[in-house]
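Undergrad: Following this line is query19.txt, made up of compact mmCIF, C-alpha atoms:
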```
# COMPACT_ATOMS: atom_id res chain seq x y z
CA MET A 1 -22.27 -43.82 47.20
CA THR A 2 -22.53 -47.57 46.81
CA ARG A 3 -25.75 -49.52 46.98
CA GLU A 4 -24.66 -50.81 50.40
CA GLU A 5 -23.98 -47.34 51.78
CA PHE A 6 -27.34 -46.25 50.47
CA LYS A 7 -29.02 -49.17 52.21
CA ASN A 8 -27.34 -48.17 55.48
CA ILE A 9 -28.56 -44.62 55.17
CA PHE A 10 -32.03 -45.91 54.39
CA ASP A 11 -32.04 -48.20 57.43
CA THR A 12 -30.81 -45.45 59.72
CA HIS A 13 -33.14 -42.66 58.66
CA PHE A 14 -36.18 -44.09 56.95
CA ASN A 15 -38.39 -44.34 60.03
CA SER A 16 -37.66 -40.87 61.33
CA ILE A 17 -38.23 -39.35 57.89
CA ARG A 18 -41.53 -41.14 57.46
CA ASN A 19 -42.65 -40.25 60.98
CA TYR A 20 -41.67 -36.63 60.45
CA ILE A 21 -43.92 -36.37 57.41
CA TYR A 22 -46.67 -38.18 59.25
CA TYR A 23 -46.41 -35.75 62.17
CA ARG A 24 -46.69 -32.89 59.77
CA SER A 25 -49.41 -34.26 57.54
CA GLY A 26 -51.35 -36.72 59.64
CA ASP A 27 -51.52 -38.96 56.56
CA LYS A 28 -49.66 -42.27 56.72
CA ASP A 29 -49.89 -43.13 53.05
CA LEU A 30 -48.64 -39.72 52.10
CA ALA A 31 -45.83 -40.08 54.63
CA THR A 32 -44.78 -43.41 53.14
CA ASP A 33 -44.85 -42.02 49.60
CA VAL A 34 -42.90 -38.92 50.50
CA ALA A 35 -40.31 -40.91 52.45
CA GLN A 36 -39.81 -43.33 49.54
CA GLU A 37 -39.54 -40.44 47.11
CA THR A 38 -37.02 -38.76 49.42
CA PHE A 39 -34.65 -41.72 49.26
CA MET A 40 -35.16 -42.06 45.52
CA LYS A 41 -34.11 -38.44 45.16
CA LEU A 42 -31.07 -39.02 47.37
CA TRP A 43 -30.03 -41.96 45.15
CA GLU A 44 -30.48 -39.92 41.98
CA LYS A 45 -28.38 -37.13 43.42
CA ARG A 46 -25.67 -39.39 44.80
CA GLN A 47 -23.15 -38.15 42.21
CA GLU A 48 -23.54 -34.54 43.29
CA LEU A 49 -23.34 -35.23 47.02
CA VAL A 50 -20.45 -33.66 48.79
CA ASN A 51 -19.57 -34.93 52.23
CA GLY A 52 -22.12 -33.25 54.40
CA ASN A 53 -24.95 -33.87 56.74
CA ILE A 54 -26.97 -36.56 55.03
CA LYS A 55 -29.60 -36.51 57.73
CA ALA A 56 -30.24 -32.77 57.36
CA LEU A 57 -30.36 -33.19 53.59
CA LEU A 58 -32.92 -35.98 53.88
CA PHE A 59 -35.20 -33.92 56.12
CA LYS A 60 -34.84 -30.99 53.75
CA ILE A 61 -35.77 -33.11 50.72
CA ALA A 62 -38.67 -34.71 52.60
CA GLY A 63 -39.98 -31.33 53.77
CA ASP A 64 -39.84 -29.91 50.24
CA LEU A 65 -41.53 -32.97 48.77
CA PHE A 66 -44.22 -32.78 51.42
CA ILE A 67 -44.95 -29.13 50.64
CA SER A 68 -45.25 -29.80 46.92
CA ASN A 69 -47.38 -32.88 47.59
CA LEU A 70 -49.64 -30.90 49.87
CA ARG A 71 -50.47 -28.57 47.03
CA LYS A 72 -51.38 -31.45 44.76
CA ASN A 73 -53.39 -33.66 47.07
CA ASN A 74 -56.01 -33.49 49.68
CA VAL A 75 -54.47 -34.89 52.79
CA ALA A 76 -56.59 -37.17 54.95
CA MET A 77 -55.50 -36.29 58.45
CA LYS A 78 -55.74 -39.00 61.08
CA TYR A 79 -54.01 -39.49 64.44
CA ARG A 80 -55.00 -42.33 66.67
CA ALA A 81 -53.85 -42.44 70.23
CA ILE A 82 -52.80 -45.79 71.53
CA VAL A 83 -54.39 -47.43 74.54
CA MET A 84 -51.72 -48.43 76.97
CA PRO A 85 -52.23 -52.12 77.88
CA GLU A 86 -51.41 -51.62 81.57
CA GLU A 87 -54.15 -49.01 81.79
CA LEU A 88 -56.85 -51.37 80.48
CA SER A 89 -57.19 -53.04 83.88
CA GLU A 90 -59.12 -50.12 85.26
CA SER A 91 -62.85 -50.08 85.85
CA PRO A 92 -65.24 -49.96 82.89
CA TYR A 93 -66.16 -46.43 83.72
CA ASP A 94 -62.56 -45.29 83.77
CA LEU A 95 -61.90 -47.19 80.56
CA MET A 96 -64.76 -45.46 78.79
CA HIS A 97 -63.65 -42.16 80.11
CA TYR A 98 -60.12 -42.90 79.04
CA LYS A 99 -61.13 -43.87 75.51
CA GLU A 100 -63.01 -40.63 75.20
CA LEU A 101 -59.92 -38.79 76.30
CA LEU A 102 -57.86 -40.56 73.69
CA GLN A 103 -60.36 -39.59 71.03
CA ASN A 104 -60.24 -36.01 72.14
CA TYR A 105 -56.49 -36.18 72.14
CA GLY A 106 -56.39 -37.44 68.55
CA LYS A 107 -58.76 -34.70 67.43
CA ALA A 108 -56.74 -32.13 69.33
CA LEU A 109 -53.60 -33.24 67.50
CA GLU A 110 -55.41 -32.86 64.20
CA SER A 111 -56.52 -29.36 65.01
CA LEU A 112 -53.12 -28.34 66.37
CA PRO A 113 -51.19 -26.05 64.02
CA GLU A 114 -48.76 -28.10 61.97
CA LYS A 115 -45.62 -26.45 63.30
CA GLN A 116 -46.55 -27.08 66.90
CA ARG A 117 -47.75 -30.61 66.20
CA SER A 118 -44.62 -31.76 64.42
CA VAL A 119 -42.38 -30.36 67.13
CA PHE A 120 -44.49 -31.97 69.84
CA LEU A 121 -44.65 -35.40 68.15
CA MET A 122 -40.95 -35.46 67.32
CA SER A 123 -40.28 -34.88 70.95
CA ARG A 124 -42.96 -37.23 72.26
CA MET A 125 -42.72 -40.09 69.78
CA ASP A 126 -39.10 -40.03 68.66
CA GLY A 127 -37.65 -38.56 71.85
CA LEU A 128 -35.71 -35.94 69.96
CA LYS A 129 -33.95 -33.18 71.91
CA TYR A 130 -34.87 -29.57 71.14
CA GLN A 131 -31.49 -29.14 69.53
CA GLU A 132 -32.16 -32.00 67.08
CA ILE A 133 -35.65 -30.72 66.34
CA SER A 134 -34.35 -27.25 65.69
CA ASP A 135 -31.82 -28.71 63.21
CA ILE A 136 -34.52 -30.60 61.36
CA VAL A 137 -37.17 -27.91 61.28
CA GLY A 138 -34.63 -25.18 60.69
CA VAL A 139 -35.70 -22.78 63.43
CA SER A 140 -33.97 -21.70 66.64
CA ILE A 141 -34.13 -23.71 69.84
CA LYS A 142 -36.10 -20.84 71.35
CA ALA A 143 -38.72 -21.19 68.66
CA VAL A 144 -38.88 -24.95 69.23
CA GLU A 145 -39.38 -24.34 72.94
CA LYS A 146 -42.14 -21.89 72.22
CA ARG A 147 -43.93 -24.23 69.84
CA MET A 148 -43.63 -27.01 72.37
CA LYS A 149 -45.00 -24.88 75.15
CA ASN A 150 -47.99 -23.78 73.04
CA ALA A 151 -48.66 -27.33 71.94
CA LEU A 152 -48.67 -28.65 75.49
CA GLU A 153 -50.96 -25.92 76.61
CA TYR A 154 -53.39 -26.60 73.78
CA LEU A 155 -53.42 -30.35 74.30
CA ARG A 156 -53.85 -30.00 78.03
CA LYS A 157 -56.91 -27.89 77.51
CA ALA A 158 -58.31 -30.22 74.88
CA ILE A 159 -58.02 -33.23 77.12
CA GLY A 160 -59.17 -31.39 80.20
CA ASN A 161 -62.42 -30.46 78.51
CA MET B 1 -54.22 -40.27 81.81
CA LYS B 2 -52.85 -40.35 85.29
CA ASN B 3 -51.28 -36.96 85.13
CA LYS B 4 -54.10 -34.78 84.19
CA ASN B 5 -53.05 -32.12 86.61
CA LEU B 6 -49.91 -31.24 84.82
CA ASN B 7 -47.44 -28.84 86.24
CA ILE B 8 -47.00 -26.06 83.72
CA ASP B 9 -43.59 -25.19 85.02
CA SER B 10 -42.12 -28.65 84.69
CA ASP B 11 -39.67 -29.31 81.91
CA SER B 12 -41.80 -29.46 78.79
CA GLU B 13 -39.62 -32.19 77.27
CA ASP B 14 -40.61 -34.44 80.12
CA GLU B 15 -44.11 -33.21 80.14
CA ALA B 16 -44.70 -34.31 76.57
CA ASN B 17 -44.19 -37.86 77.77
CA HIS B 18 -47.28 -37.61 79.91
CA PHE B 19 -49.38 -37.58 76.80
CA PRO B 20 -50.34 -40.84 75.10
CA GLU B 21 -48.40 -42.19 72.17
CA ILE B 22 -50.01 -42.26 68.82
CA ASP B 23 -50.30 -45.21 66.49
CA LEU B 24 -47.33 -45.43 64.10
CA GLN B 25 -48.35 -48.65 62.34
CA TYR B 26 -47.98 -48.08 58.61
CA THR B 27 -49.73 -50.20 56.01
CA VAL B 28 -46.51 -50.43 54.03
CA SER B 29 -43.54 -51.78 55.94
CA LYS B 30 -40.06 -50.33 55.77
CA GLU B 31 -38.88 -53.52 54.01
CA GLU B 32 -41.54 -53.15 51.35
CA VAL B 33 -40.46 -49.59 50.75
CA TRP B 34 -36.87 -50.76 50.37
CA GLU B 35 -37.94 -53.39 47.85
CA ASN B 36 -39.80 -50.74 45.86
CA LEU B 37 -36.76 -48.51 45.93
CA SER B 38 -34.47 -51.35 44.81
CA ARG B 39 -36.73 -52.11 41.89
CA ARG B 40 -36.77 -48.47 40.84
CA ILE B 41 -33.01 -48.16 41.17
CA ASP B 42 -32.51 -51.25 39.02
CA ALA B 43 -34.95 -49.91 36.45
CA SER B 44 -33.14 -46.60 36.33
CA ARG B 45 -29.90 -48.50 35.81
CA ALA B 46 -31.42 -50.31 32.86
CA ASN B 47 -32.08 -46.93 31.24
CA PRO B 48 -28.88 -45.40 32.50
CA VAL B 49 -29.15 -42.02 34.11
CA ARG B 50 -27.36 -39.29 32.31
CA VAL B 51 -24.05 -39.09 34.05
CA SER B 52 -22.73 -35.61 33.91
CA LEU B 53 -19.07 -35.46 33.10
CA ASN B 54 -16.75 -32.59 33.36
CA PRO B 55 -16.16 -30.73 30.10
CA PHE B 56 -12.69 -32.17 29.60
CA TYR B 57 -14.02 -35.72 29.52
CA ARG B 58 -16.91 -34.70 27.31
CA ILE B 59 -14.55 -33.20 24.80
CA ALA B 60 -12.18 -36.14 25.12
CA ILE B 61 -15.00 -38.61 24.50
CA ALA B 62 -16.35 -36.59 21.61
CA ALA B 63 -12.87 -36.29 20.14
CA SER B 64 -12.07 -39.96 20.42
CA PHE B 65 -15.42 -40.80 18.92
CA LEU B 66 -14.75 -38.50 15.99
CA LEU B 67 -11.25 -39.89 15.65
CA LEU B 68 -12.60 -43.43 15.61
CA LEU B 69 -15.20 -42.40 13.07
CA GLY B 70 -12.51 -40.71 11.02
CA ILE B 71 -10.24 -43.73 11.07
CA THR B 72 -13.08 -46.08 10.22
CA GLY B 73 -14.20 -43.74 7.47
CA PHE B 74 -10.68 -43.56 6.13
CA LEU B 75 -10.23 -47.33 6.19
CA ARG B 76 -13.63 -47.79 4.64
CA PHE B 77 -13.54 -45.20 1.89
CA HIS B 78 -9.86 -44.77 1.13
CA THR B 79 -9.78 -45.67 -2.53
CA LYS B 80 -6.87 -46.83 -4.60
CA THR B 81 -7.17 -46.15 -8.30
CA VAL B 82 -4.98 -47.80 -10.89
CA TYR B 83 -5.09 -46.62 -14.47
CA THR B 84 -3.13 -48.06 -17.35
CA PRO B 85 -2.38 -45.56 -20.10
CA ALA B 86 -2.66 -46.50 -23.74
CA GLY B 87 0.17 -48.72 -24.90
CA GLN B 88 0.78 -50.32 -21.49
CA HIS B 89 -0.32 -53.34 -19.52
CA LEU B 90 -0.10 -53.58 -15.78
CA THR B 91 -0.39 -56.30 -13.17
CA ILE B 92 -1.87 -55.33 -9.79
CA TYR B 93 -1.64 -57.42 -6.67
CA LEU B 94 -4.52 -57.00 -4.28
CA PRO B 95 -4.25 -57.20 -0.45
CA ASP B 96 -5.56 -60.78 -0.50
CA SER B 97 -2.86 -61.66 -3.11
CA SER B 98 -5.38 -61.97 -5.88
CA SER B 99 -4.03 -60.41 -9.07
CA ILE B 100 -5.44 -58.30 -11.86
CA GLU B 101 -3.83 -57.92 -15.23
CA LEU B 102 -5.00 -54.63 -16.63
CA ASN B 103 -5.19 -54.02 -20.35
CA ALA B 104 -4.33 -50.63 -21.84
CA GLN B 105 -6.63 -47.70 -20.96
CA SER B 106 -8.37 -49.48 -18.13
CA THR B 107 -9.15 -48.32 -14.64
CA VAL B 108 -9.77 -50.21 -11.42
CA ASN B 109 -10.80 -48.78 -8.06
CA TYR B 110 -10.80 -50.60 -4.75
CA HIS B 111 -10.66 -49.92 -1.00
CA PRO B 112 -7.32 -51.41 0.07
CA TYR B 113 -7.93 -51.23 3.84
CA TRP B 114 -11.48 -52.50 3.57
CA PHE B 115 -10.54 -55.27 1.18
CA VAL B 116 -10.36 -57.98 3.83
CA ILE B 117 -13.97 -57.26 4.77
CA SER B 118 -15.41 -56.73 1.34
CA ARG B 119 -13.62 -57.70 -1.83
CA THR B 120 -15.21 -55.24 -4.21
CA ILE B 121 -13.58 -53.73 -7.25
CA THR B 122 -14.84 -51.38 -9.91
CA LEU B 123 -13.54 -51.85 -13.41
CA ASP B 124 -13.74 -49.78 -16.54
CA GLY B 125 -11.86 -51.39 -19.42
CA GLU B 126 -10.53 -54.89 -19.71
CA ALA B 127 -8.83 -57.03 -17.15
CA PHE B 128 -7.95 -60.61 -16.41
CA PHE B 129 -8.53 -61.65 -12.81
CA LYS B 130 -6.93 -64.42 -10.80
CA VAL B 131 -8.88 -64.52 -7.56
CA VAL B 132 -7.65 -66.53 -4.61
CA LYS B 133 -10.27 -68.48 -2.68
CA GLY B 134 -12.01 -66.54 0.03
CA ASN B 135 -15.23 -64.70 0.58
CA ARG B 136 -17.13 -63.20 -2.32
CA PHE B 137 -15.12 -61.18 -4.79
CA LYS B 138 -17.17 -58.69 -6.73
CA VAL B 139 -16.27 -56.69 -9.82
CA VAL B 140 -18.63 -53.82 -10.55
CA SER B 141 -18.73 -52.21 -13.97
CA GLN B 142 -21.12 -49.82 -15.55
CA ARG B 143 -23.26 -52.47 -17.19
CA GLY B 144 -22.76 -55.54 -15.08
CA GLU B 145 -21.52 -57.14 -11.91
CA THR B 146 -19.37 -60.24 -11.69
CA ILE B 147 -19.23 -62.20 -8.48
CA VAL B 148 -16.85 -65.04 -7.76
CA LEU B 149 -15.42 -67.00 -4.89
CA GLY B 150 -12.05 -68.08 -6.21
CA THR B 151 -11.36 -68.39 -9.87
CA SER B 152 -9.85 -66.74 -12.91
CA PHE B 153 -11.78 -64.84 -15.50
CA ASN B 154 -11.56 -62.02 -17.99
CA ILE B 155 -13.81 -58.99 -18.05
CA TYR B 156 -14.20 -56.71 -21.02
CA SER B 157 -16.11 -53.53 -20.17
CA ARG B 158 -15.53 -50.77 -22.68
CA ASN B 159 -17.97 -48.19 -23.98
CA SER B 160 -21.26 -50.05 -23.92
CA GLU B 161 -19.75 -53.48 -24.41
CA TYR B 162 -19.47 -55.93 -21.57
CA SER B 163 -18.34 -59.50 -21.65
CA VAL B 164 -16.99 -61.96 -19.13
CA THR B 165 -15.07 -65.12 -19.88
CA CYS B 166 -14.63 -67.77 -17.24
CA PHE B 167 -11.38 -69.73 -17.05
CA THR B 168 -11.56 -71.71 -13.85
CA GLY B 169 -14.06 -71.99 -11.05
CA LYS B 170 -17.48 -70.42 -11.28
CA VAL B 171 -18.43 -66.85 -12.00
CA ARG B 172 -21.78 -65.14 -11.46
CA VAL B 173 -22.60 -62.28 -13.79
CA ILE B 174 -25.46 -59.86 -13.18
CA SER B 175 -26.70 -57.33 -15.71
CA SER B 176 -27.06 -53.98 -14.00
CA GLU B 177 -30.01 -52.83 -16.09
CA LYS B 178 -32.15 -55.98 -16.12
CA SER B 179 -30.79 -57.70 -13.01
CA GLU B 180 -30.58 -60.83 -15.11
CA ARG B 181 -28.01 -63.25 -13.77
CA VAL B 182 -26.08 -66.24 -15.03
CA LEU B 183 -23.58 -68.65 -13.52
CA LEU B 184 -20.60 -69.15 -15.82
CA ASN B 185 -18.65 -72.39 -15.85
CA PRO B 186 -15.14 -72.68 -17.27
CA ASN B 187 -14.94 -72.07 -21.03
CA GLU B 188 -18.15 -70.11 -21.05
CA GLN B 189 -18.52 -66.49 -22.02
CA VAL B 190 -21.35 -64.07 -21.48
CA PHE B 191 -22.15 -60.78 -23.20
CA ILE B 192 -24.53 -58.10 -22.15
CA ASN B 193 -26.55 -57.14 -25.20
CA LYS B 194 -27.56 -53.60 -26.05
CA ASP B 195 -31.01 -54.32 -24.59
CA GLY B 196 -29.42 -55.23 -21.25
CA PHE B 197 -30.11 -58.96 -21.47
CA LEU B 198 -27.41 -61.59 -21.18
CA ARG B 199 -26.18 -63.74 -24.02
CA LEU B 200 -24.33 -66.90 -23.01
CA VAL B 201 -21.77 -68.57 -25.30
CA ARG B 202 -20.62 -72.04 -24.39
CA GLU B 203 -17.45 -73.84 -25.48
CA VAL B 204 -15.45 -70.73 -26.26
CA ASN B 205 -11.68 -70.85 -26.43
CA PRO B 206 -10.91 -68.91 -23.30
CA GLN B 207 -7.34 -68.34 -24.37
CA ALA B 208 -8.58 -65.99 -27.10
CA ALA B 209 -10.19 -63.77 -24.46
CA LYS B 210 -7.03 -63.54 -22.39
CA SER B 211 -4.63 -63.59 -25.33
CA TRP B 212 -4.07 -59.89 -24.77
CA THR B 213 -2.19 -60.80 -21.62
CA ASP B 214 0.33 -62.52 -23.91
CA ASN B 215 0.33 -59.54 -26.25
CA MET B 216 -1.80 -61.43 -28.80
CA PHE B 217 -4.98 -59.85 -30.08
CA VAL B 218 -7.59 -62.16 -31.47
CA PHE B 219 -10.73 -60.98 -33.22
CA THR B 220 -13.58 -63.10 -34.50
CA GLY B 221 -16.10 -61.15 -36.55
CA ALA B 222 -15.34 -58.04 -34.56
CA SER B 223 -16.46 -54.62 -35.69
CA ILE B 224 -13.71 -52.69 -37.46
CA VAL B 225 -14.29 -49.85 -35.00
CA THR B 226 -13.60 -52.14 -32.06
CA VAL B 227 -10.47 -53.50 -33.74
CA LEU B 228 -9.07 -50.03 -34.50
CA GLN B 229 -9.87 -48.83 -30.99
CA GLU B 230 -7.92 -51.77 -29.61
CA ILE B 231 -4.97 -50.88 -31.87
CA GLU B 232 -5.19 -47.27 -30.67
CA ARG B 233 -5.06 -48.47 -27.09
CA GLN B 234 -2.26 -50.93 -27.54
CA TYR B 235 0.06 -48.61 -29.48
CA ASN B 236 -1.09 -45.32 -27.97
CA ILE B 237 -1.86 -43.84 -31.36
CA LYS B 238 -4.77 -41.99 -32.88
CA ILE B 239 -6.60 -43.45 -35.87
CA VAL B 240 -9.01 -41.44 -37.94
CA PHE B 241 -11.46 -43.81 -39.58
CA LYS B 242 -13.29 -42.80 -42.72
CA ALA B 243 -14.80 -46.00 -44.16
CA ASP B 244 -17.82 -48.23 -43.63
CA PRO B 245 -18.11 -48.86 -39.84
CA ASN B 246 -20.15 -52.04 -40.47
CA LEU B 247 -17.09 -53.93 -41.70
CA THR B 248 -16.05 -56.86 -39.54
CA TYR B 249 -12.63 -58.33 -39.03
CA THR B 250 -11.46 -61.80 -38.19
CA GLY B 251 -7.82 -62.39 -37.48
CA ASN B 252 -5.15 -61.76 -34.97
CA PHE B 253 -2.00 -59.80 -34.46
CA SER B 254 0.81 -59.71 -31.98
CA LYS B 255 2.15 -56.69 -30.24
CA LEU B 256 5.60 -57.78 -31.39
CA LEU B 257 4.64 -56.19 -34.71
CA SER B 258 4.89 -52.45 -35.15
CA GLU B 259 1.74 -50.36 -35.41
CA LYS B 260 2.28 -49.90 -39.15
CA GLU B 261 2.63 -53.65 -39.70
CA VAL B 262 -0.55 -54.25 -37.72
CA LEU B 263 -2.50 -51.60 -39.62
CA ASP B 264 -1.20 -53.02 -42.89
CA LEU B 265 -2.37 -56.50 -41.83
CA VAL B 266 -5.86 -55.34 -40.93
CA CYS B 267 -6.33 -52.94 -43.84
CA THR B 268 -5.09 -55.32 -46.50
CA SER B 269 -7.52 -58.06 -45.49
CA LEU B 270 -10.43 -55.61 -45.70
CA GLY B 271 -9.29 -53.79 -48.82
CA LEU B 272 -8.67 -50.57 -46.94
CA THR B 273 -5.69 -48.27 -47.09
CA PHE B 274 -4.03 -46.17 -44.44
CA GLU B 275 -1.71 -43.22 -44.50
CA VAL B 276 0.68 -41.95 -41.88
CA ARG B 277 -0.12 -38.43 -40.81
CA SER B 278 2.43 -38.19 -38.02
CA ASP B 279 4.19 -40.45 -35.54
CA THR B 280 0.98 -40.96 -33.60
CA GLU B 281 -1.78 -40.29 -36.10
CA PHE B 282 -3.04 -42.44 -38.92
CA LEU B 283 -5.86 -42.18 -41.41
CA VAL B 284 -7.74 -45.29 -42.53
CA ASP B 285 -10.08 -45.25 -45.50
```
Any chance you could put this one into structure tokens?
TA:
Amino acid sequence: MTREEFKNIFDTHFNSIRNYIYYRSGDKDLATDVAQETFMKLWEKRQELVNGNIKALLFKIAGDLFISNLRKNNVAMKYRAIVMPEELSESPYDLMHYKELLQNYGKALESLPEKQRSVFLMSRMDGLKYQEISDIVGVSIKAVEKRMKNALEYLRKAIGN
Amino acid sequence: MKNKNLNIDSDSEDEANHFPEIDLQYTVSKEEVWENLSRRIDASRANPVRVSLNPFYRIAIAASFLLLLGITGFLRFHTKTVYTPAGQHLTIYLPDSSSIELNAQSTVNYHPYWFVISRTITLDGEAFFKVVKGNRFKVVSQRGETIVLGTSFNIYSRNSEYSVTCFTGKVRVISSEKSERVLLNPNEQVFINKDGFLRLVREVNPQAAKSWTDNMFVFTGASIVTVLQEIERQYNIKIVFKADPNLTYTGNFSKLLSEKEVLDLVCTSLGLTFEVRSDTEFLVD
């Protein structure tokens, strides 16, 4: 692997790796660290790489690093929902109500079990298909569907309250 | 949140999109991460990562390293020894075309393949050197070291006696025991005394010191023991000496004479007698 090839891989996958760890951990700094470490590991192992699925390998490395990091550190979980600009034109009452909803939504994400949350956010934020998610997480499509269904149900309730 | 009344049965992939996005602004940008990575990669290049090689290459590298070491070791330490038996003289030409005339019963050692790098010779006995100009030429003997650049000189290093006579150029002599040093000019001679200090003699006749190379042996107040030892060496004979060892002899002889004629010459002048015991053994008293 040349430096240039490595740079290409980095450009292609860095964001999704970092987001994936953020979805799982809820900690942006941790996500950045783990993602950087992931690519460092890939570079160190470049000699041993056989032609294979680099993307799957990256997610695997990132997941493993995240697990070992989780044991070492206390993770500060934080998700912040974004206010859609076009929705800000509504009445002050609606706006207040909406902000409250967003807060609830963020909290709901934090309290969502990690497996459901990461599946949900990969789908919502990165627009990944169930097939792609199942490849990354390493479970069947059925299981992804189930996690997704549970997550939606949970979030719906959280916001509805 | 315009779709609060979500339809549970709708495709959940679509449904997810009804929920708000979350903030994905990171404090560290992707570019900054790449810069960090680049720095770390460069640093790990500076202390190169252990590259694992397959066993064949490992062995090949180890073998060539050993071979190189072996060859260097051979070139460095391969020693040539030249010894002149009693009764013979020998001229040696060194790799730099310097020459050594070796007197009887003398030994020189040197490293022929390393000679270009370090002109070092060990000498036990007596030799006359003609050294071509070049880097430092060093003659190591038991009691002293002689260092020259390009010159001719004679070294006498037998038993505990050591003397150097300079013919041309300049010669540095260092006493091994006292590390005393002297720079000899032409026609100067230096001895190392019993106490290890140097004794310089100016205005000597250098030809006397190298007369042995012309088969002439010149002695000035030399101990009878030294004189008889020289005769033993030059004629390859054995002399049993049973007289006063403090006698001194001044005179000279040529190797054109026979050993009996030489012994007669020396003994007569000192009032000694000698008898022939066999072809190679004589008794002096």
Undergrad: So what do you get for CA of Arg80 in chain A versus CA of Gln103 in chain A, distance-wise?
TA: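 It comes out at 7.4 Å.
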Undergrad: Just the number, please: distance in Å from CA of Val82 in chain B to CA of Asn109 in chain B, one decimal.
TA: 6.5 Å
Undergrad: I'd like the neighbourhood of range 87-92 of chain B as a compact mmCIF listing (two decimals) with C-alpha atoms, keeping the file's coordinate frame, where a residue qualifies if any of its atoms comes within 6 Å (using all atoms listed in the file), though same-chain residues fewer than 4 positions away should be ignored.
TA:
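What ended up in result-v7.txt:
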```
# COMPACT_ATOMS: atom_id res chain seq x y z
CA SER B 99 -4.03 -60.41 -9.07
CA ILE B 100 -5.44 -58.30 -11.86
CA GLU B 101 -3.83 -57.92 -15.23
CA LEU B 102 -5.00 -54.63 -16.63
CA ASN B 103 -5.19 -54.02 -20.35
CA ALA B 104 -4.33 -50.63 -21.84
CA ARG B 233 -5.06 -48.47 -27.09
CA GLN B 234 -2.26 -50.93 -27.54
CA TYR B 235 0.06 -48.61 -29.48
CA ASN B 236 -1.09 -45.32 -27.97
```
Undergrad: Counting all atoms listed in the file, which residues in chain B sit no more than 7 Å from chain A? For each one, give the nearest pair of atoms and the distance in Å, sorted by chain then residue number, as a tab-separated table.
TA:
```
residue	atom	partner	partner_atom	distance
B:Ser12	CA	A:Lys149	CA	6.7
B:Glu13	CA	A:Ser123	CA	6.9
B:Ala16	CA	A:Arg124	CA	5.5
B:Asn17	CA	A:Arg124	CA	5.7
B:Pro20	CA	A:Ala81	CA	6.2
B:Glu21	CA	A:Ile82	CA	5.7
B:Ile22	CA	A:Ala81	CA	4.1
B:Asp23	CA	A:Arg80	CA	5.5
B:Tyr26	CA	A:Lys28	CA	6.3
B:Val33	CA	A:Gln36	CA	6.4
B:Leu37	CA	A:Met40	CA	6.7
```
Undergrad: What separation in Å, quoted to one decimal, exists between CA of Val132 in chain B and CA of Cys166 in chain B?
TA: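 For CA of Val132 in chain B relative to CA of Cys166 in chain B, the distance reads 14.5 Å.
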Undergrad: Which residues are close to range 51-66 of chain A, i.e. within 9 Å by only C-alpha atoms, leaving aside same-chain residues fewer than 2 positions away? Reply as a PyMOL selection string.
TA: chain A and resi 9+13+17-18+20-21+24-25+30-31+34-35+37-39+41-42+49+68-71+135-137
Undergrad: Find, counting all atoms listed in the file, the residue in A:Glu114, A:Asn104, A:Ile67, A:Ser16 that gets nearest to Glu132 in chain A.
TA: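 Once distances to Glu132 in chain A are computed over all atoms listed in the file, the minimum belongs to A:Ser16.
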Undergrad: I need the residue nearest Val50 in chain A from this list: A:Ile141, A:Val119, A:Glu110, A:Met1. Use all atoms listed in the file for the distance.
TA: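 The shortest atom-to-atom distance to Val50 in chain A comes from A:Met1.
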Undergrad: For a quick check of your reading of the model, name the residues lying within 12 Å of the coordinate (-17.5, -51.2, -9.2), counting all atoms listed in the file, and write them as an MDAnalysis selection string.
TA: chainID B and resid 79 81 107:111 119:125 137:147 157 176
Undergrad: Take every atom of range 77-96 of chain B listed in the file, fit an axis-aligned box around them, add 6 Å per side, and give the centre and edge lengths in Å to one decimal as lines of an AutoDock Vina configuration file.
TA:
```
center_x = -6.4
center_y = -52.8
center_z = -11.5
size_x = 26.3
size_y = 28.0
size_z = 38.8
```
Undergrad: Skip Val171 in chain B itself and residues of its chain fewer than 2 positions away, then list as a CSV table (one decimal) with C-alpha atoms, in the frame of the given file all residues within 9 Å of it, counting all atoms listed in the file.
TA:
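File produced: part_28.csv:
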```
chain,number,residue,atom,x,y,z
B,146,THR,CA,-19.4,-60.2,-11.7
B,147,ILE,CA,-19.2,-62.2,-8.5
B,148,VAL,CA,-16.8,-65.0,-7.8
B,149,LEU,CA,-15.4,-67.0,-4.9
B,150,GLY,CA,-12.0,-68.1,-6.2
B,151,THR,CA,-11.4,-68.4,-9.9
B,152,SER,CA,-9.8,-66.7,-12.9
B,153,PHE,CA,-11.8,-64.8,-15.5
B,164,VAL,CA,-17.0,-62.0,-19.1
B,165,THR,CA,-15.1,-65.1,-19.9
B,166,CYS,CA,-14.6,-67.8,-17.2
B,168,THR,CA,-11.6,-71.7,-13.8
B,169,GLY,CA,-14.1,-72.0,-11.0
B,173,VAL,CA,-22.6,-62.3,-13.8
B,182,VAL,CA,-26.1,-66.2,-15.0
B,183,LEU,CA,-23.6,-68.6,-13.5
B,184,LEU,CA,-20.6,-69.2,-15.8
B,185,ASN,CA,-18.6,-72.4,-15.8
B,186,PRO,CA,-15.1,-72.7,-17.3
```
Undergrad: Give the answer as one residue: which of A:Lys142, A:Glu5, A:Met77, A:Lys45 has the shortest atom-to-atom distance to Ala108 in chain A, using only C-alpha atoms?
TA: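 Ranking A:Lys142, A:Glu5, A:Met77, A:Lys45 by distance to Ala108 in chain A, first place goes to A:Met77.
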Undergrad: Nearest to Arg158 in chain B among B:Ala127, B:Ala243, B:Val116, B:Val262, with distances taken over only C-alpha atoms: which residue is it?
TA: B:Ala127
